>>> print(open('structure_30.cif').read())   # mmCIF, C-alpha atoms
data_coords
loop_
_atom_site.label_atom_id
_atom_site.label_comp_id
_atom_site.auth_asym_id
_atom_site.auth_seq_id
_atom_site.Cartn_x
_atom_site.Cartn_y
_atom_site.Cartn_z
CA MET A 28 6.74 -28.59 -33.49
CA VAL A 29 7.07 -31.57 -31.15
CA ASP A 30 3.37 -32.38 -31.56
CA LEU A 31 3.65 -31.98 -35.34
CA ALA A 32 6.66 -34.30 -35.50
CA ARG A 33 4.78 -36.93 -33.50
CA LEU A 34 1.69 -36.62 -35.73
CA LEU A 35 3.83 -37.18 -38.82
CA ALA A 36 5.58 -40.16 -37.23
CA GLU A 37 2.23 -41.68 -36.23
CA ARG A 38 1.28 -41.58 -39.90
CA GLY A 39 4.37 -43.48 -40.98
CA ALA A 40 6.71 -40.63 -41.96
CA ARG A 41 10.18 -40.54 -40.44
CA ALA A 42 10.41 -37.25 -38.57
CA SER A 43 13.59 -35.69 -37.27
CA LEU A 44 13.15 -32.78 -34.88
CA ILE A 45 16.20 -30.54 -35.28
CA THR A 46 17.06 -28.39 -32.28
CA THR A 47 19.97 -27.45 -29.99
CA PRO A 48 21.64 -29.52 -27.22
CA VAL A 49 19.82 -27.81 -24.33
CA ASN A 50 16.43 -28.19 -26.00
CA ALA A 51 17.23 -31.77 -27.07
CA ALA A 52 17.92 -32.65 -23.43
CA ARG A 53 14.54 -31.18 -22.47
CA LEU A 54 12.88 -33.45 -25.03
CA HIS A 55 14.44 -36.64 -23.67
CA GLY A 56 11.01 -37.84 -22.52
CA VAL A 57 9.57 -37.29 -26.01
CA ALA A 58 12.30 -39.41 -27.56
CA ASP A 59 11.78 -42.17 -24.98
CA GLY A 60 8.03 -42.13 -25.58
CA ALA A 61 8.51 -42.39 -29.34
CA LEU A 62 10.88 -45.30 -28.86
CA ARG A 63 8.39 -47.15 -26.65
CA ALA A 64 5.64 -46.53 -29.20
CA LYS A 65 7.99 -47.66 -32.01
CA LEU A 66 7.53 -44.38 -33.84
CA PRO A 67 10.11 -43.23 -36.42
CA LEU A 68 10.90 -39.98 -34.57
CA ASP A 69 14.38 -38.68 -33.78
CA ILE A 70 15.55 -35.71 -31.72
CA ILE A 71 18.68 -34.19 -33.26
CA GLY A 72 20.74 -31.66 -31.29
CA LEU A 73 22.90 -29.50 -33.54
CA PRO A 74 25.99 -27.90 -32.00
CA PHE A 75 25.00 -24.43 -30.82
CA PRO A 76 27.33 -21.60 -31.87
CA PRO A 77 29.71 -20.43 -29.12
CA ALA A 78 28.31 -17.74 -26.89
CA ASP A 79 29.22 -14.22 -27.95
CA ASP A 80 27.60 -10.76 -28.12
CA GLY A 81 26.94 -11.04 -24.40
CA LEU A 82 24.71 -14.14 -24.62
CA PRO A 83 25.23 -16.33 -21.52
CA ALA A 84 26.56 -19.84 -22.13
CA GLY A 85 23.77 -22.42 -22.24
CA CYS A 86 21.08 -19.90 -23.19
CA GLU A 87 19.39 -21.64 -26.13
CA ASN A 88 15.70 -20.90 -25.61
CA ILE A 89 13.57 -17.79 -25.26
CA ASP A 90 12.29 -18.93 -21.87
CA GLN A 91 15.86 -18.86 -20.52
CA VAL A 92 16.24 -15.15 -21.24
CA THR A 93 16.16 -13.06 -18.07
CA ASP A 94 17.64 -9.88 -19.58
CA ASN A 95 15.85 -8.22 -22.52
CA ASP A 96 19.23 -7.29 -23.99
CA HIS A 97 19.83 -10.99 -24.68
CA PHE A 98 16.92 -11.47 -27.11
CA LEU A 99 18.77 -10.04 -30.10
CA PRO A 100 22.05 -11.97 -29.46
CA LEU A 101 19.99 -15.17 -29.13
CA HIS A 102 18.42 -14.60 -32.56
CA HIS A 103 21.85 -13.95 -34.06
CA ALA A 104 23.16 -17.19 -32.53
CA VAL A 105 20.20 -19.22 -33.81
CA ASN A 106 20.76 -17.88 -37.33
CA ARG A 107 24.29 -19.29 -37.23
CA LEU A 108 22.78 -22.79 -37.06
CA ALA A 109 22.46 -22.66 -40.86
CA GLY A 110 25.95 -24.11 -41.31
CA PRO A 111 25.52 -27.03 -38.87
CA LEU A 112 22.10 -27.85 -40.34
CA GLU A 113 23.41 -27.93 -43.91
CA SER A 114 26.35 -30.12 -42.88
CA TYR A 115 23.99 -32.53 -41.10
CA LEU A 116 21.65 -32.79 -44.09
CA ARG A 117 24.48 -33.27 -46.59
CA ALA A 118 25.82 -36.17 -44.52
CA LEU A 119 22.53 -38.10 -44.67
CA ALA A 120 22.37 -41.15 -46.93
CA ARG A 121 19.06 -39.88 -48.29
CA PRO A 122 17.91 -36.25 -48.26
CA PRO A 123 14.66 -35.47 -46.44
CA SER A 124 11.50 -35.10 -48.49
CA CYS A 125 10.96 -31.63 -47.01
CA ILE A 126 11.97 -29.20 -44.28
CA ILE A 127 9.26 -27.80 -42.03
CA SER A 128 10.54 -24.70 -40.27
CA ASP A 129 9.06 -22.15 -37.93
CA TRP A 130 8.41 -18.58 -39.08
CA CYS A 131 11.18 -17.20 -36.86
CA ASN A 132 13.75 -19.56 -38.41
CA SER A 133 13.86 -17.90 -41.82
CA TRP A 134 17.53 -18.87 -42.16
CA THR A 135 16.34 -22.37 -43.10
CA ALA A 136 15.20 -20.94 -46.46
CA GLY A 137 18.81 -20.60 -47.63
CA VAL A 138 19.65 -24.14 -46.50
CA ALA A 139 16.62 -25.62 -48.28
CA SER A 140 17.40 -23.68 -51.46
CA SER A 141 21.07 -24.70 -51.42
CA LEU A 142 20.18 -28.38 -51.14
CA GLY A 143 17.12 -28.33 -53.40
CA ILE A 144 14.80 -29.51 -50.62
CA PRO A 145 11.16 -28.32 -50.53
CA ARG A 146 10.44 -26.09 -47.52
CA LEU A 147 7.12 -25.83 -45.70
CA LEU A 148 6.36 -22.97 -43.35
CA PHE A 149 4.85 -23.48 -39.90
CA HIS A 150 3.59 -20.32 -38.19
CA GLY A 151 2.10 -20.59 -34.73
CA PRO A 152 -0.68 -17.99 -35.06
CA SER A 153 -3.90 -18.33 -37.02
CA CYS A 154 -4.27 -18.30 -40.79
CA PHE A 155 -6.21 -15.05 -40.33
CA TYR A 156 -3.30 -13.35 -38.59
CA SER A 157 -0.74 -14.60 -41.11
CA LEU A 158 -2.80 -13.02 -43.91
CA CYS A 159 -3.09 -9.77 -41.97
CA ASP A 160 0.65 -9.67 -41.36
CA LEU A 161 1.51 -10.28 -45.01
CA ASN A 162 -0.99 -7.72 -46.31
CA ALA A 163 0.06 -5.11 -43.76
CA SER A 164 3.70 -5.59 -44.77
CA THR A 165 2.96 -5.51 -48.51
CA HIS A 166 0.98 -2.25 -48.25
CA GLY A 167 3.35 -0.48 -45.84
CA LEU A 168 0.92 -0.36 -42.92
CA HIS A 169 3.68 -0.73 -40.33
CA GLU A 170 5.57 2.24 -41.71
CA ARG A 171 2.46 4.44 -41.81
CA ALA A 172 1.54 3.59 -38.21
CA SER A 173 5.11 4.04 -36.96
CA SER A 174 5.48 7.45 -38.61
CA SER A 175 2.21 8.77 -37.22
CA ALA A 176 2.50 11.68 -34.80
CA GLU A 177 -0.55 10.43 -32.91
CA THR A 178 0.64 9.14 -29.51
CA GLU A 179 -2.49 8.06 -27.62
CA GLY A 180 -3.10 4.95 -29.75
CA HIS A 181 -6.65 5.87 -30.83
CA GLU A 182 -6.09 6.40 -34.58
CA THR A 183 -7.12 3.29 -36.53
CA TYR A 184 -5.69 1.74 -39.70
CA VAL A 185 -7.50 -0.71 -41.96
CA VAL A 186 -5.54 -3.81 -43.05
CA PRO A 187 -5.93 -4.01 -46.87
CA GLY A 188 -6.95 -7.09 -48.82
CA MET A 189 -8.82 -8.96 -46.08
CA PRO A 190 -12.22 -10.64 -46.58
CA VAL A 191 -13.46 -8.86 -43.43
CA ARG A 192 -12.74 -5.36 -42.13
CA VAL A 193 -9.72 -5.44 -39.83
CA GLU A 194 -8.69 -2.33 -37.90
CA VAL A 195 -5.56 -1.86 -35.81
CA THR A 196 -4.05 1.05 -33.91
CA LYS A 197 -0.46 2.19 -33.61
CA ALA A 198 -0.26 0.37 -30.28
CA THR A 199 -1.78 -2.90 -31.51
CA CYS A 200 -0.27 -2.92 -35.00
CA LEU A 201 0.65 -6.30 -36.38
CA GLY A 202 4.04 -7.86 -36.13
CA PHE A 203 6.41 -10.32 -34.53
CA LEU A 204 10.08 -9.32 -34.31
CA ASP A 205 9.07 -5.66 -34.47
CA ALA A 206 11.38 -4.36 -31.72
CA PRO A 207 14.30 -2.06 -32.59
CA GLY A 208 17.22 -4.06 -33.97
CA PHE A 209 15.02 -6.84 -35.36
CA GLU A 210 14.10 -5.13 -38.65
CA ALA A 211 16.28 -7.40 -40.81
CA PHE A 212 15.03 -10.53 -39.03
CA ARG A 213 11.42 -9.52 -39.63
CA GLU A 214 11.94 -8.77 -43.32
CA ASP A 215 13.76 -12.09 -43.79
CA ALA A 216 10.92 -13.92 -42.04
CA LEU A 217 8.25 -12.30 -44.23
CA GLN A 218 10.24 -13.03 -47.39
CA ALA A 219 10.69 -16.67 -46.33
CA MET A 220 6.96 -16.79 -45.70
CA ARG A 221 6.21 -15.55 -49.23
CA THR A 222 8.63 -17.98 -50.91
CA ALA A 223 7.77 -21.16 -48.97
CA ASP A 224 6.66 -24.17 -51.03
CA GLY A 225 3.71 -24.75 -48.72
CA ALA A 226 2.39 -24.16 -45.23
CA VAL A 227 1.26 -26.05 -42.15
CA VAL A 228 -1.42 -24.20 -40.18
CA ASN A 229 -2.80 -25.13 -36.77
CA THR A 230 -6.50 -24.35 -37.19
CA PHE A 231 -9.90 -25.76 -38.17
CA LEU A 232 -12.29 -24.70 -40.92
CA ASP A 233 -15.32 -23.97 -38.71
CA LEU A 234 -13.32 -21.09 -37.24
CA GLU A 235 -11.27 -19.90 -40.22
CA GLU A 236 -12.81 -21.19 -43.44
CA GLN A 237 -12.89 -17.81 -45.25
CA PHE A 238 -9.29 -17.03 -44.31
CA VAL A 239 -8.00 -20.46 -45.34
CA ALA A 240 -9.82 -20.03 -48.67
CA CYS A 241 -8.31 -16.57 -49.10
CA ALA A 242 -4.81 -17.85 -48.37
CA THR A 243 -5.26 -20.72 -50.81
CA ARG A 244 -6.35 -18.37 -53.60
CA ARG A 245 -3.41 -16.05 -53.03
CA ARG A 246 -0.86 -18.82 -52.53
CA SER A 247 0.14 -17.09 -49.27
CA ALA A 248 2.04 -19.41 -46.97
CA SER A 249 0.13 -19.37 -44.34
CA ARG A 250 -1.55 -19.79 -19.10
CA PHE A 251 0.53 -16.60 -20.78
CA GLY A 252 2.54 -18.49 -23.30
CA SER A 253 6.25 -19.06 -23.76
CA LEU A 254 7.01 -15.51 -24.99
CA ALA A 255 4.80 -13.17 -22.99
CA GLN A 256 6.39 -12.15 -19.71
CA LYS A 257 4.72 -10.08 -17.02
CA LEU A 258 6.36 -7.07 -15.42
CA PRO A 259 6.84 -7.36 -11.63
CA LYS A 260 3.96 -4.98 -10.89
CA GLN A 261 1.67 -7.04 -13.17
CA LEU A 262 2.83 -10.26 -11.52
CA TYR A 263 1.96 -8.91 -8.09
CA GLU A 264 -1.45 -7.66 -9.23
CA VAL A 265 -2.35 -11.05 -10.72
CA GLY A 266 -1.24 -12.82 -7.57
CA HIS A 267 -3.21 -10.53 -5.26
CA GLY A 268 -6.25 -10.84 -7.54
CA LEU A 269 -6.15 -14.62 -7.33
CA GLU A 270 -5.70 -14.46 -3.56
CA ASP A 271 -8.52 -11.98 -3.05
CA SER A 272 -10.91 -13.91 -5.31
CA GLY A 273 -11.40 -16.60 -2.68
CA LYS A 274 -11.62 -19.18 -5.48
CA PRO A 275 -9.43 -22.24 -6.17
CA PHE A 276 -6.79 -21.51 -8.80
CA LEU A 277 -3.83 -22.88 -10.70
CA TRP A 278 -1.28 -20.25 -11.72
CA VAL A 279 1.63 -20.90 -14.08
CA VAL A 280 4.58 -18.56 -13.49
CA LYS A 281 7.76 -18.43 -15.57
CA ASP A 282 11.05 -18.96 -13.79
CA SER A 283 12.36 -15.72 -15.30
CA GLU A 284 9.43 -13.76 -13.83
CA VAL A 285 10.38 -14.70 -10.28
CA ALA A 286 14.16 -14.74 -10.71
CA SER A 287 14.80 -11.93 -8.23
CA PRO A 288 15.02 -12.73 -4.49
CA GLU A 289 12.23 -10.22 -3.82
CA ALA A 290 9.85 -11.90 -6.25
CA GLN A 291 10.68 -15.36 -4.89
CA GLU A 292 10.03 -14.23 -1.32
CA TRP A 293 6.75 -12.61 -2.32
CA LEU A 294 5.54 -15.69 -4.21
CA GLN A 295 6.44 -18.05 -1.36
CA ALA A 296 4.43 -15.89 1.04
CA LEU A 297 1.45 -15.93 -1.34
CA GLU A 298 1.66 -19.72 -1.64
CA ALA A 299 1.62 -20.02 2.14
CA ARG A 300 -1.45 -17.78 2.45
CA THR A 301 -3.38 -19.67 -0.26
CA ALA A 302 -2.25 -23.21 0.66
CA GLY A 303 -5.00 -25.76 0.07
CA ARG A 304 -6.83 -23.47 -2.35
CA GLY A 305 -4.23 -22.38 -4.86
CA LEU A 306 -1.42 -24.09 -6.74
CA VAL A 307 1.51 -22.21 -8.31
CA VAL A 308 3.42 -24.03 -11.05
CA ARG A 309 6.86 -22.69 -11.93
CA GLY A 310 8.10 -23.06 -15.49
CA TRP A 311 6.28 -25.32 -17.94
CA ALA A 312 2.84 -26.85 -17.39
CA PRO A 313 0.81 -29.36 -19.49
CA GLN A 314 -1.72 -26.82 -20.70
CA LEU A 315 -3.93 -29.14 -22.74
CA ALA A 316 -4.18 -31.64 -19.90
CA ILE A 317 -5.18 -28.83 -17.54
CA LEU A 318 -7.77 -27.35 -19.91
CA SER A 319 -9.33 -30.77 -20.45
CA HIS A 320 -9.93 -31.29 -16.71
CA ARG A 321 -13.54 -30.87 -15.60
CA ALA A 322 -12.49 -28.83 -12.56
CA VAL A 323 -11.34 -25.92 -14.74
CA GLY A 324 -14.08 -23.30 -14.90
CA GLY A 325 -12.20 -20.53 -16.67
CA PHE A 326 -8.88 -19.57 -18.21
CA VAL A 327 -7.10 -16.20 -18.04
CA THR A 328 -4.89 -16.09 -21.13
CA HIS A 329 -2.72 -13.76 -23.19
CA CYS A 330 -4.72 -14.98 -26.21
CA GLY A 331 -1.95 -16.79 -28.06
CA TRP A 332 -3.27 -19.07 -30.78
CA ASN A 333 -2.39 -22.37 -29.09
CA SER A 334 -4.06 -21.27 -25.86
CA LEU A 335 -7.22 -20.20 -27.67
CA LEU A 336 -7.46 -23.37 -29.75
CA GLY A 337 -7.07 -25.47 -26.60
CA SER A 338 -9.78 -23.47 -24.84
CA ILE A 339 -12.18 -23.79 -27.78
CA ALA A 340 -11.52 -27.51 -28.19
CA HIS A 341 -12.29 -28.17 -24.51
CA GLY A 342 -15.10 -25.65 -24.11
CA VAL A 343 -13.36 -23.54 -21.46
CA PRO A 344 -14.45 -19.88 -21.11
CA VAL A 345 -11.55 -17.45 -21.39
CA VAL A 346 -10.84 -14.00 -19.99
CA THR A 347 -8.55 -12.19 -22.40
CA TRP A 348 -5.33 -10.32 -21.66
CA PRO A 349 -3.59 -9.85 -25.03
CA HIS A 350 0.04 -8.73 -24.90
CA PHE A 351 1.33 -8.32 -28.47
CA ALA A 352 1.31 -9.41 -32.15
CA ASP A 353 -1.70 -11.54 -33.15
CA GLN A 354 -3.27 -11.57 -29.70
CA PHE A 355 -5.27 -8.32 -30.04
CA LEU A 356 -6.80 -9.40 -33.34
CA ASN A 357 -7.65 -12.85 -32.00
CA VAL A 358 -9.89 -11.05 -29.52
CA ASP A 359 -11.21 -8.13 -31.58
CA VAL A 360 -11.88 -9.78 -34.94
CA LEU A 361 -12.37 -13.47 -34.21
CA GLY A 362 -14.39 -12.52 -31.13
CA ILE A 363 -12.80 -15.06 -28.80
CA GLY A 364 -12.98 -14.58 -25.04
CA VAL A 365 -14.36 -11.94 -22.71
CA PRO A 366 -12.35 -8.68 -22.59
CA VAL A 367 -12.19 -7.27 -19.06
CA GLY A 368 -10.89 -3.83 -18.03
CA VAL A 369 -8.82 -1.46 -20.15
CA SER A 370 -8.33 -1.97 -23.90
CA LEU A 371 -4.98 -0.19 -24.30
CA PRO A 372 -1.67 -2.09 -24.04
CA VAL A 373 0.13 -1.99 -20.71
CA ARG A 374 3.42 -0.12 -20.86
CA PRO A 375 6.39 -0.63 -18.49
#
>>> encode(input="structure_30.cif", output="structure tokens")
Amino acid sequence: MVDLARLLAERGARASLITTPVNAARLHGVADGALRAKLPLDIIGLPFPPADDGLPAGCENIDQVTDNDHFLPLHHAVNRLAGPLESYLRALARPPSCIISDWCNSWTAGVASSLGIPRLLFHGPSCFYSLCDLNASTHGLHERASSSAETEGHETYVVPGMPVRVEVTKATCLGFLDAPGFEAFREDALQAMRTADGAVVNTFLDLEEQFVACATRRRSASRFGSLAQKLPKQLYEVGHGLEDSGKPFLWVVKDSEVASPEAQEWLQALEARTAGRGLVVRGWAPQLAILSHRAVGGFVTHCGWNSLLGSIAHGVPVVTWPHFADQFLNVDVLGIGVPVGVSLPVRP
């Protein structure tokens, strides 16, 4: 969304990026850069609802979550931003020409409708995946897969209404926000997707022309990422694999993945053993800048859409490790990357 806001501002549109105080502080450098470039871009921090439901104070972003039990309270808290957003928009001298909101922020649909402001949907995955998700939901594919007695994950289901044959299993079935407790959030997100006035899609026609055409006809709004987190045993296996490879590497590790004293001690020891050959980056890393560097010979990725587009744009070979949602289909149907090892999802 930051990149999108900057692109709009570079084309003369005034863009206001609406977020929360913690995230606004993180984007201080973006605001300073826009000011130096004389771009009409503002970072607006709405007051975040008081912490409740067990959500720690100051937790305003998915990457701050260290306890899985906090994901649901965080979504509830974000939904309560509807009131502050509506108050902010009503106080403006001129209403915005449109609201562009992320798929997970379906609560913006009510605000846009209340104020009579057109709403455009931005969904991070591909146009292909968005079509799959909508069709699977419309035809009850999730319910059929969930109710199946088959437990090994081998039974396949065909996603209806696609211009190519798309098969999924119970284990790789489509869906964001598909964990227990998120059912209402998911249904709201899909409904907001169907009723959006338009869509912004991060793609290019050479890769997705038939799916963009299909979406247009139907009027459907169409490293390891910021959401995927590795279990400790997976973290250790990746680290030992990099160490044993004998090759130079750059490894991006989330702060939440090494929050425990044991993990920190283990990672520090690995850094000492691979000093001069390997570099471990904690937290965020400039992925596009890294992928564009000529020293990068390959990229191990969870197959999120932004990671794959960056790899394709810079001609970097990828080894695929899909975790959830669109990532399996990005590999299986679009044929991106080289799958290595087992094809079934890893379970805790």
>>> resolve_selection(input="structure_30.cif", expression="the PyMOL selection byres ((chain A and resi 263-279) around 7)", output="number ranges by chain")
A: 250, 259-262, 280-281, 301, 304-310, 312
>>> resolve_selection(input="structure_30.cif", expression="the PyMOL selection byres ((chain A and resi 227-235) around 8)", output="VMD selection string")
chain A and resid 147 to 155 225 to 226 236 to 239 249 336
>>> write_last_selection(input="structure_30.cif", atoms="C-alpha atoms", output="PDB file, in the coordinates of the input")
ATOM      1  CA  LEU A 147       7.120 -25.830 -45.700  1.00  0.00           C
ATOM      2  CA  LEU A 148       6.360 -22.970 -43.350  1.00  0.00           C
ATOM      3  CA  PHE A 149       4.850 -23.480 -39.900  1.00  0.00           C
ATOM      4  CA  HIS A 150       3.590 -20.320 -38.190  1.00  0.00           C
ATOM      5  CA  GLY A 151       2.100 -20.590 -34.730  1.00  0.00           C
ATOM      6  CA  PRO A 152      -0.680 -17.990 -35.060  1.00  0.00           C
ATOM      7  CA  SER A 153      -3.900 -18.330 -37.020  1.00  0.00           C
ATOM      8  CA  CYS A 154      -4.270 -18.300 -40.790  1.00  0.00           C
ATOM      9  CA  PHE A 155      -6.210 -15.050 -40.330  1.00  0.00           C
ATOM     10  CA  GLY A 225       3.710 -24.750 -48.720  1.00  0.00           C
ATOM     11  CA  ALA A 226       2.390 -24.160 -45.230  1.00  0.00           C
ATOM     12  CA  GLU A 236     -12.810 -21.190 -43.440  1.00  0.00           C
ATOM     13  CA  GLN A 237     -12.890 -17.810 -45.250  1.00  0.00           C
ATOM     14  CA  PHE A 238      -9.290 -17.030 -44.310  1.00  0.00           C
ATOM     15  CA  VAL A 239      -8.000 -20.460 -45.340  1.00  0.00           C
ATOM     16  CA  SER A 249       0.130 -19.370 -44.340  1.00  0.00           C
ATOM     17  CA  LEU A 336      -7.460 -23.370 -29.750  1.00  0.00           C
TER      18      LEU A 336
END
>>> residues_around(input="structure_30.cif", residues="A:Cys125", least_positions_apart="2", cutoff="9 Å", atoms="all atoms listed in the file", output="VMD selection string")
chain A and resid 122 to 123 127 139 144 to 147
>>> resolve_selection(input="structure_30.cif", expression="the PyMOL selection byres ((chain A and resi 52-62) around 12)", output="PyMOL selection string")
chain A and resi 28-30+32-37+41-51+63-73+85+87-88+311
>>> atom_distance(input="structure_30.cif", atom1="atom CA of A:Ala163", atom2="atom CA of A:Ala211")
16.6 Å
>>> closest_residue(input="structure_30.cif", among="A:Ser114, A:Thr328, A:Thr135, A:Gln218", to="A:Pro344", atoms="all atoms listed in the file")
A:Thr328
>>> residues_around(input="structure_30.cif", residues="A:Gly208", least_positions_apart="2", cutoff="12 Å", atoms="all atoms listed in the file", output="number ranges by chain")
A: 96-100, 102-103, 204-206, 210-214
>>> closest_residue(input="structure_30.cif", among="A:Cys131, A:Leu158, A:Val193, A:Ala299", to="A:Ala219", atoms="all atoms listed in the file")
A:Cys131
>>> residues_near_point(input="structure_30.cif", point="(-2.2, -28.0, -19.4)", cutoff="12 Å", atoms="all atoms listed in the file", output="PyMOL selection string")
chain A and resi 250-252+277-279+308+311-320+323+326+333-334+337-338+341
>>> residues_around(input="structure_30.cif", residues="A:Val105", least_positions_apart="3", cutoff="9 Å", atoms="only C-alpha atoms", output="VMD selection string")
chain A and resid 75 to 76 87 100 to 102 108 to 109 132 134
>>> atom_distance(input="structure_30.cif", atom1="atom CA of A:Asp282", atom2="atom CA of A:Pro207")
25.5 Å
>>> atom_distance(input="structure_30.cif", atom1="atom CA of A:Ala172", atom2="atom CA of A:Asp160")
13.7 Å
